[in-house]
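Novice: Structure file upload.txt, compact mmCIF, C-alpha atoms, is pasted below:
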# COMPACT_ATOMS: atom_id res chain seq x y z
CA GLY A 1 0.00 0.00 0.00
CA VAL A 2 2.78 2.45 0.91
CA ALA A 3 4.69 1.55 -2.26
CA GLY A 4 1.50 2.14 -4.26
CA MET A 5 1.04 5.56 -2.67
CA LEU A 6 4.66 6.41 -3.45
CA SER A 7 4.39 5.41 -7.12
CA ALA A 8 1.06 7.25 -7.45
CA GLU A 9 2.56 10.44 -6.01
CA ILE A 10 5.51 10.23 -8.37
CA ALA A 11 3.27 9.62 -11.39
CA SER A 12 0.60 12.10 -10.14
CA THR A 13 -2.24 9.73 -11.06
CA PRO A 14 -5.32 9.47 -8.82
CA PHE A 15 -6.53 5.90 -9.47
CA PRO A 16 -3.46 3.98 -8.15
CA LYS A 17 -3.57 6.26 -5.11
CA ARG A 18 -7.14 5.20 -4.35
CA VAL A 19 -6.22 1.53 -4.70
CA ALA A 20 -3.20 2.04 -2.44
CA VAL A 21 -5.39 3.63 0.25
CA PHE A 22 -7.58 0.53 0.33
CA PHE A 23 -4.50 -1.71 0.52
CA ILE A 24 -3.21 0.30 3.48
CA ALA A 25 -6.60 0.05 5.18
CA ALA A 26 -6.72 -3.70 4.56
CA GLY A 27 -3.19 -4.07 5.92
CA VAL A 28 -4.11 -2.23 9.11
CA VAL A 29 -7.15 -4.48 9.64
CA VAL A 30 -5.32 -7.75 8.93
CA THR A 31 -2.36 -6.81 11.13
CA SER A 32 -4.49 -5.69 14.05
CA LEU A 33 -6.53 -8.91 13.98
CA CYS A 34 -3.49 -10.78 15.28
CA PRO A 35 -3.76 -11.27 19.09
CA VAL A 36 -1.41 -8.91 20.92
CA ASN A 37 0.14 -11.80 22.83
CA GLU A 38 1.11 -13.47 19.53
CA LEU A 39 2.43 -10.48 17.57
CA ASP A 40 5.00 -8.12 19.09
CA LEU A 41 5.72 -5.44 16.48
CA ASP A 42 8.86 -4.26 18.29
CA ARG A 43 10.38 -7.73 18.36
CA LEU A 44 9.36 -8.45 14.77
CA PHE A 45 10.87 -5.30 13.28
CA MET A 46 13.97 -5.28 15.47
CA ARG A 47 14.84 -8.86 14.53
CA HIS A 48 14.29 -8.49 10.79
CA MET A 49 16.16 -5.53 9.34
CA ALA A 50 15.01 -6.32 5.79
CA LEU A 51 11.38 -5.96 6.89
CA ARG A 52 12.18 -2.72 8.71
CA LEU A 53 13.85 -1.27 5.63
CA ALA A 54 11.09 -2.49 3.29
CA VAL A 55 8.44 -0.68 5.34
CA MET A 56 10.23 2.43 6.59
CA LEU A 57 12.23 3.49 3.54
CA PRO A 58 9.25 3.75 1.12
CA ALA A 59 7.28 5.53 3.84
CA ALA A 60 10.17 7.96 4.37
CA ALA A 61 10.36 8.63 0.61
CA LEU A 62 6.61 9.28 0.56
CA PHE A 63 6.92 11.82 3.37
CA VAL A 64 9.80 13.52 1.54
CA ILE A 65 7.48 14.04 -1.45
CA TYR A 66 4.76 15.38 0.85
CA GLY A 67 7.33 17.67 2.47
CA LEU A 68 8.33 19.08 -0.90
CA ARG A 69 4.75 19.62 -2.05
CA LEU A 70 2.88 20.66 1.09
CA PRO A 71 3.84 23.82 2.99
CA PRO A 72 4.89 24.39 5.76
CA HIS A 73 6.90 21.23 4.91
CA MET A 74 6.47 19.53 8.30
CA HIS A 75 6.41 16.09 6.69
CA PHE A 76 10.21 16.21 6.50
CA ILE A 77 10.22 15.56 10.26
CA CYS A 78 8.35 12.29 9.70
CA ALA A 79 10.85 11.32 6.99
CA VAL A 80 13.83 11.94 9.28
CA ILE A 81 12.29 9.88 12.10
CA LEU A 82 11.62 6.98 9.73
CA LEU A 83 15.15 7.10 8.29
CA VAL A 84 16.65 7.03 11.78
CA GLY A 85 14.37 4.16 12.71
CA ALA A 86 15.20 2.24 9.53
CA VAL A 87 18.86 2.00 10.52
CA GLY A 88 18.02 1.15 14.12
CA GLY A 89 18.72 4.52 15.72
CA ILE A 90 21.87 6.61 16.01
CA ARG A 91 25.07 5.98 17.92
CA TRP A 92 24.64 8.34 20.84
CA MET A 93 21.33 6.76 21.83
CA GLU A 94 21.53 4.42 24.79
CA ARG A 95 18.87 2.17 23.28
CA PRO A 96 17.56 1.97 19.70
CA LEU A 97 14.24 3.56 18.89
CA LYS A 98 11.41 1.06 19.15
CA PRO A 99 9.40 0.61 15.95
CA THR A 100 6.15 1.10 17.86
CA MET A 101 7.47 4.41 19.21
CA ILE A 102 8.42 5.47 15.68
CA ALA A 103 5.02 4.49 14.26
CA THR A 104 3.14 6.34 17.00
CA ALA A 105 5.21 9.51 16.61
CA VAL A 106 4.99 9.51 12.79
CA LEU A 107 1.23 8.96 12.72
CA ILE A 108 0.62 11.84 15.15
CA LEU A 109 3.10 14.16 13.41
CA ASN A 110 1.49 13.33 10.06
CA LEU A 111 -1.88 14.53 11.35
CA LEU A 112 -0.28 17.74 12.63
CA ALA A 113 1.53 18.27 9.33
CA LEU A 114 -1.66 17.72 7.31
CA SER A 115 -3.53 20.11 9.59
CA ALA A 116 -0.88 22.80 9.17
CA SER A 117 -0.83 22.30 5.40
CA SER A 118 -4.62 22.62 5.14
CA PHE A 119 -4.54 25.76 7.29
CA VAL A 120 -1.82 27.38 5.18
CA SER A 121 -3.70 26.52 1.97
CA ALA A 122 -6.90 28.04 3.39
CA LEU A 123 -5.11 31.39 3.73
CA GLU A 124 -4.40 31.67 0.01
CA GLU A 125 -6.10 34.71 -1.51
CA ASP A 126 -7.23 33.10 -4.77
CA LEU A 127 -9.55 30.56 -3.08
CA SER A 128 -13.29 31.02 -2.87
CA ASP A 129 -14.90 31.37 0.56
CA LEU A 130 -16.37 27.88 0.36
CA ALA A 131 -13.05 26.30 -0.61
CA ALA A 132 -11.26 28.14 2.19
CA ALA A 133 -13.95 26.96 4.63
CA ALA A 134 -13.48 23.37 3.43
CA LEU A 135 -9.73 23.54 4.02
CA GLY A 136 -10.25 25.19 7.39
CA LEU A 137 -12.67 22.47 8.46
CA ARG A 138 -10.29 19.74 7.35
CA SER A 139 -7.45 21.43 9.24
CA ALA A 140 -9.58 21.57 12.40
CA ILE A 141 -10.55 17.89 12.10
CA GLN A 142 -6.96 16.80 11.57
CA PHE A 143 -5.68 18.90 14.49
CA THR A 144 -8.44 17.50 16.70
CA GLY A 145 -7.38 14.02 15.61
CA ALA A 146 -3.76 14.67 16.58
CA ALA A 147 -4.76 16.04 19.99
CA THR A 148 -7.16 13.13 20.58
CA THR A 149 -4.53 10.58 19.60
CA ILE A 150 -1.96 12.13 21.94
CA GLY A 151 -4.49 12.01 24.77
CA MET A 152 -5.26 8.38 23.96
CA VAL A 153 -1.57 7.44 24.12
CA PHE A 154 -1.21 9.07 27.54
CA TYR A 155 -4.36 7.28 28.69
CA PHE A 156 -2.91 3.91 27.76
CA LEU A 157 0.49 4.69 29.25
CA PHE A 158 -0.69 6.01 32.61
CA CYS A 159 -4.36 5.23 33.31
CA ARG A 160 -4.64 1.71 31.94
CA ARG A 161 -1.19 0.73 33.15
CA GLY A 162 -2.41 0.89 36.73
CA ARG A 163 -5.44 -1.27 35.97
CA ARG A 164 -4.02 -3.99 33.78
CA GLY A 165 -0.31 -3.94 34.49
CA VAL A 166 2.03 -3.80 31.50
CA VAL A 167 0.67 -1.96 28.44
CA LEU A 168 1.72 -3.62 25.22
CA PRO A 169 3.14 -1.03 22.76
CA THR A 170 1.65 -3.06 19.90
CA LEU A 171 -1.85 -2.46 21.26
CA ILE A 172 -1.18 1.28 21.44
CA VAL A 173 -0.06 1.31 17.80
CA TYR A 174 -3.29 -0.44 16.78
CA HIS A 175 -5.42 2.25 18.39
CA VAL A 176 -3.24 5.06 17.05
CA MET A 177 -3.58 3.63 13.52
CA TYR A 178 -7.38 3.45 13.86
CA ALA A 179 -7.64 7.00 15.18
CA SER A 180 -5.18 8.49 12.69
CA LEU A 181 -6.83 6.93 9.64
CA THR A 182 -10.32 7.78 10.89
CA PHE A 183 -9.61 11.47 11.45
CA MET A 184 -7.82 11.74 8.10
CA GLY A 185 -10.78 10.01 6.46
CA VAL A 186 -13.37 12.26 8.08
CA GLY A 187 -11.36 15.32 7.06
CA ASN A 188 -11.11 14.14 3.45
CA ILE A 189 -14.81 13.25 3.28
CA SER A 190 -15.80 16.67 4.65
CA SER A 191 -13.62 18.50 2.14
CA GLY A 192 -14.97 16.29 -0.65
CA ILE A 193 -18.54 17.19 0.29
CA PHE A 194 -17.63 20.88 0.22
CA SER A 195 -16.12 20.32 -3.22
CA LEU A 196 -19.36 18.82 -4.51
CA LEU A 197 -21.38 21.69 -3.07
CA SER A 198 -19.12 24.35 -4.57
CA LYS A 199 -18.67 22.44 -7.85
CA GLU A 200 -14.96 23.21 -7.67
CA ASP A 201 -12.59 20.37 -8.50
CA LEU A 202 -10.26 21.08 -5.61
CA PHE A 203 -10.79 17.95 -3.52
CA GLY A 204 -11.85 15.40 -6.12
CA GLU A 205 -10.14 12.54 -4.26
CA GLY A 206 -11.47 13.49 -0.85
CA ILE A 207 -14.50 11.20 -0.60
CA PRO A 208 -12.92 7.99 -2.06
CA HIS A 209 -9.81 8.55 0.06
CA GLY A 210 -11.86 9.26 3.15
CA LEU A 211 -14.02 6.17 2.76
CA GLY A 212 -10.93 4.00 2.32
CA GLN A 213 -9.26 5.47 5.38
CA CYS A 214 -12.35 4.90 7.53
CA ILE A 215 -12.60 1.19 6.65
CA PRO A 216 -10.50 -0.11 9.60
CA ALA A 217 -12.49 1.78 12.22
CA ILE A 218 -15.81 0.77 10.64
CA ILE A 219 -14.87 -2.93 10.52
CA ILE A 220 -13.57 -2.92 14.09
CA ALA A 221 -16.64 -1.04 15.33
CA ILE A 222 -18.99 -3.58 13.71
CA LEU A 223 -17.13 -6.84 14.22
CA GLY A 224 -14.69 -6.09 17.04
CA ARG A 225 -10.97 -6.72 16.90
Would you give me this structure, written as structure tokens?
Specialist:
Amino acid sequence: GVAGMLSAEIASTPFPKRVAVFFIAAGVVVTSLCPVNELDLDRLFMRHMALRLAVMLPAAALFVIYGLRLPPHMHFICAVILLVGAVGGIRWMERPLKPTMIATAVLILNLLALSASSFVSALEEDLSDLAAAALGLRSAIQFTGAATTIGMVFYFLFCRRGRRGVVLPTLIVYHVMYASLTFMGVGNISSGIFSLLSKEDLFGEGIPHGLGQCIPAIIIAILGR
């Protein structure tokens, strides 16, 4: 899915991007269906460097493209974190960065970067009022998603730790993936609806992208994990 997104961004074609979104959503669902006591993401990625490189390097390249295209270019931070994680950390660190820590940080920072990009785009003078409102709404949804996800991580680390003992980082990543994709999906759907109302082809991929991103949360809500 990530490789599909990367190739679609390079080729600037919408259809492969839509297919890649559904592959990413399917990957999140299939991965999170594994019981947490049978799949430790940290152990899996730390033991298999080839897997770590195969996942993190294409994702880092994708964020580099986003950083070049989307002001204020905050996606470069995500790319740097993924590159550091791909090589297992840097020398002055006492312990290598855990893959679950990297995934959590990147997903939250991606929401913040998307929110900032939507907000900056909404300030452009050549946009209609409705288009600016659509971008502003999407920015607010994405920022709310980032804040909610941060609060959820702290809840798992401090509140649930006292109730259930050790909190598995893999379980935290599952919930962060659900929340991140859902808020991105809701933001894209809302901007797509505004596009239909204004009849401006500014967010033509918003609704298909949003529906694809909401698939994991919908399936988990209906069937349970």
Novice: With only C-alpha atoms as the basis for distance, which of A:Ile172, A:Ala134, A:Leu57, A:Lys17 is at the shortest distance from Gly192 in chain A?
Specialist: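 For Gly192 in chain A, the nearest of the candidates is A:Ala134.
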Novice: Please identify all polymer residues lying at most 12 Å from the point (-14.9, 3.7, 12.0) (file coordinates), using all atoms listed in the file, and present the result as a PyMOL selection string.
Specialist: chain A and resi 25+29+175+177-186+210-224
Novice: The selected residues should be written to file as a compact mmCIF listing (two decimals), in the coordinates of the input (atoms: C-alpha atoms).
Specialist:
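Final file, selection_24.txt:
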# COMPACT_ATOMS: atom_id res chain seq x y z
CA ALA A 25 -6.60 0.05 5.18
CA VAL A 29 -7.15 -4.48 9.64
CA HIS A 175 -5.42 2.25 18.39
CA MET A 177 -3.58 3.63 13.52
CA TYR A 178 -7.38 3.45 13.86
CA ALA A 179 -7.64 7.00 15.18
CA SER A 180 -5.18 8.49 12.69
CA LEU A 181 -6.83 6.93 9.64
CA THR A 182 -10.32 7.78 10.89
CA PHE A 183 -9.61 11.47 11.45
CA MET A 184 -7.82 11.74 8.10
CA GLY A 185 -10.78 10.01 6.46
CA VAL A 186 -13.37 12.26 8.08
CA GLY A 210 -11.86 9.26 3.15
CA LEU A 211 -14.02 6.17 2.76
CA GLY A 212 -10.93 4.00 2.32
CA GLN A 213 -9.26 5.47 5.38
CA CYS A 214 -12.35 4.90 7.53
CA ILE A 215 -12.60 1.19 6.65
CA PRO A 216 -10.50 -0.11 9.60
CA ALA A 217 -12.49 1.78 12.22
CA ILE A 218 -15.81 0.77 10.64
CA ILE A 219 -14.87 -2.93 10.52
CA ILE A 220 -13.57 -2.92 14.09
CA ALA A 221 -16.64 -1.04 15.33
CA ILE A 222 -18.99 -3.58 13.71
CA LEU A 223 -17.13 -6.84 14.22
CA GLY A 224 -14.69 -6.09 17.04
Novice: Report, in Å to a single decimal, how far apart CA of Ser191 in chain A and CA of Leu107 in chain A are.
Specialist: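 Result for CA of Leu107 in chain A versus CA of Ser191 in chain A: 20.6 Å, one decimal.
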Novice: Which one of A:Ala147, A:Leu53, A:Met46, A:Val120 sits closest to Leu97 in chain A if you count only C-alpha atoms?
Specialist: A:Met46
Novice: Which residue gives the smallest distance to Ala122 in chain A among A:Ala146, A:Ala140, A:Ile81, A:Ile108, with only C-alpha atoms counted?
Specialist: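 Ranked by minimum distance to Ala122 in chain A, first place goes to A:Ala140.
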Novice: When you draw a straight line from CA of Arg138 in chain A to CA of Leu171 in chain A, how long is it in Å?
Specialist: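 Straight-line distance from CA of Arg138 in chain A to CA of Leu171 in chain A works out to 27.5 Å.
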Novice: So how far away is CA of Ile24 in chain A from CA of Asp42 in chain A, in Å?
Specialist: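 So the answer is 19.6 Å.
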Novice: Which residue, A:Leu70, A:Val64, A:Leu44, A:Val55, has the smallest gap to Gly85 in chain A when you use only C-alpha atoms?
Specialist: A:Val55
Novice: Measuring between only C-alpha atoms, which one of A:Leu83, A:Ile77, A:Ile189, A:Leu114 shows the shortest distance to Gln142 in chain A?
Specialist: A:Leu114
Novice: I need the residue nearest Pro169 in chain A from this list: A:Val30, A:Met5, A:Ala103, A:Ala50. Use all atoms listed in the file for the distance.
Specialist: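 The closest residue to Pro169 in chain A is A:Ala103.
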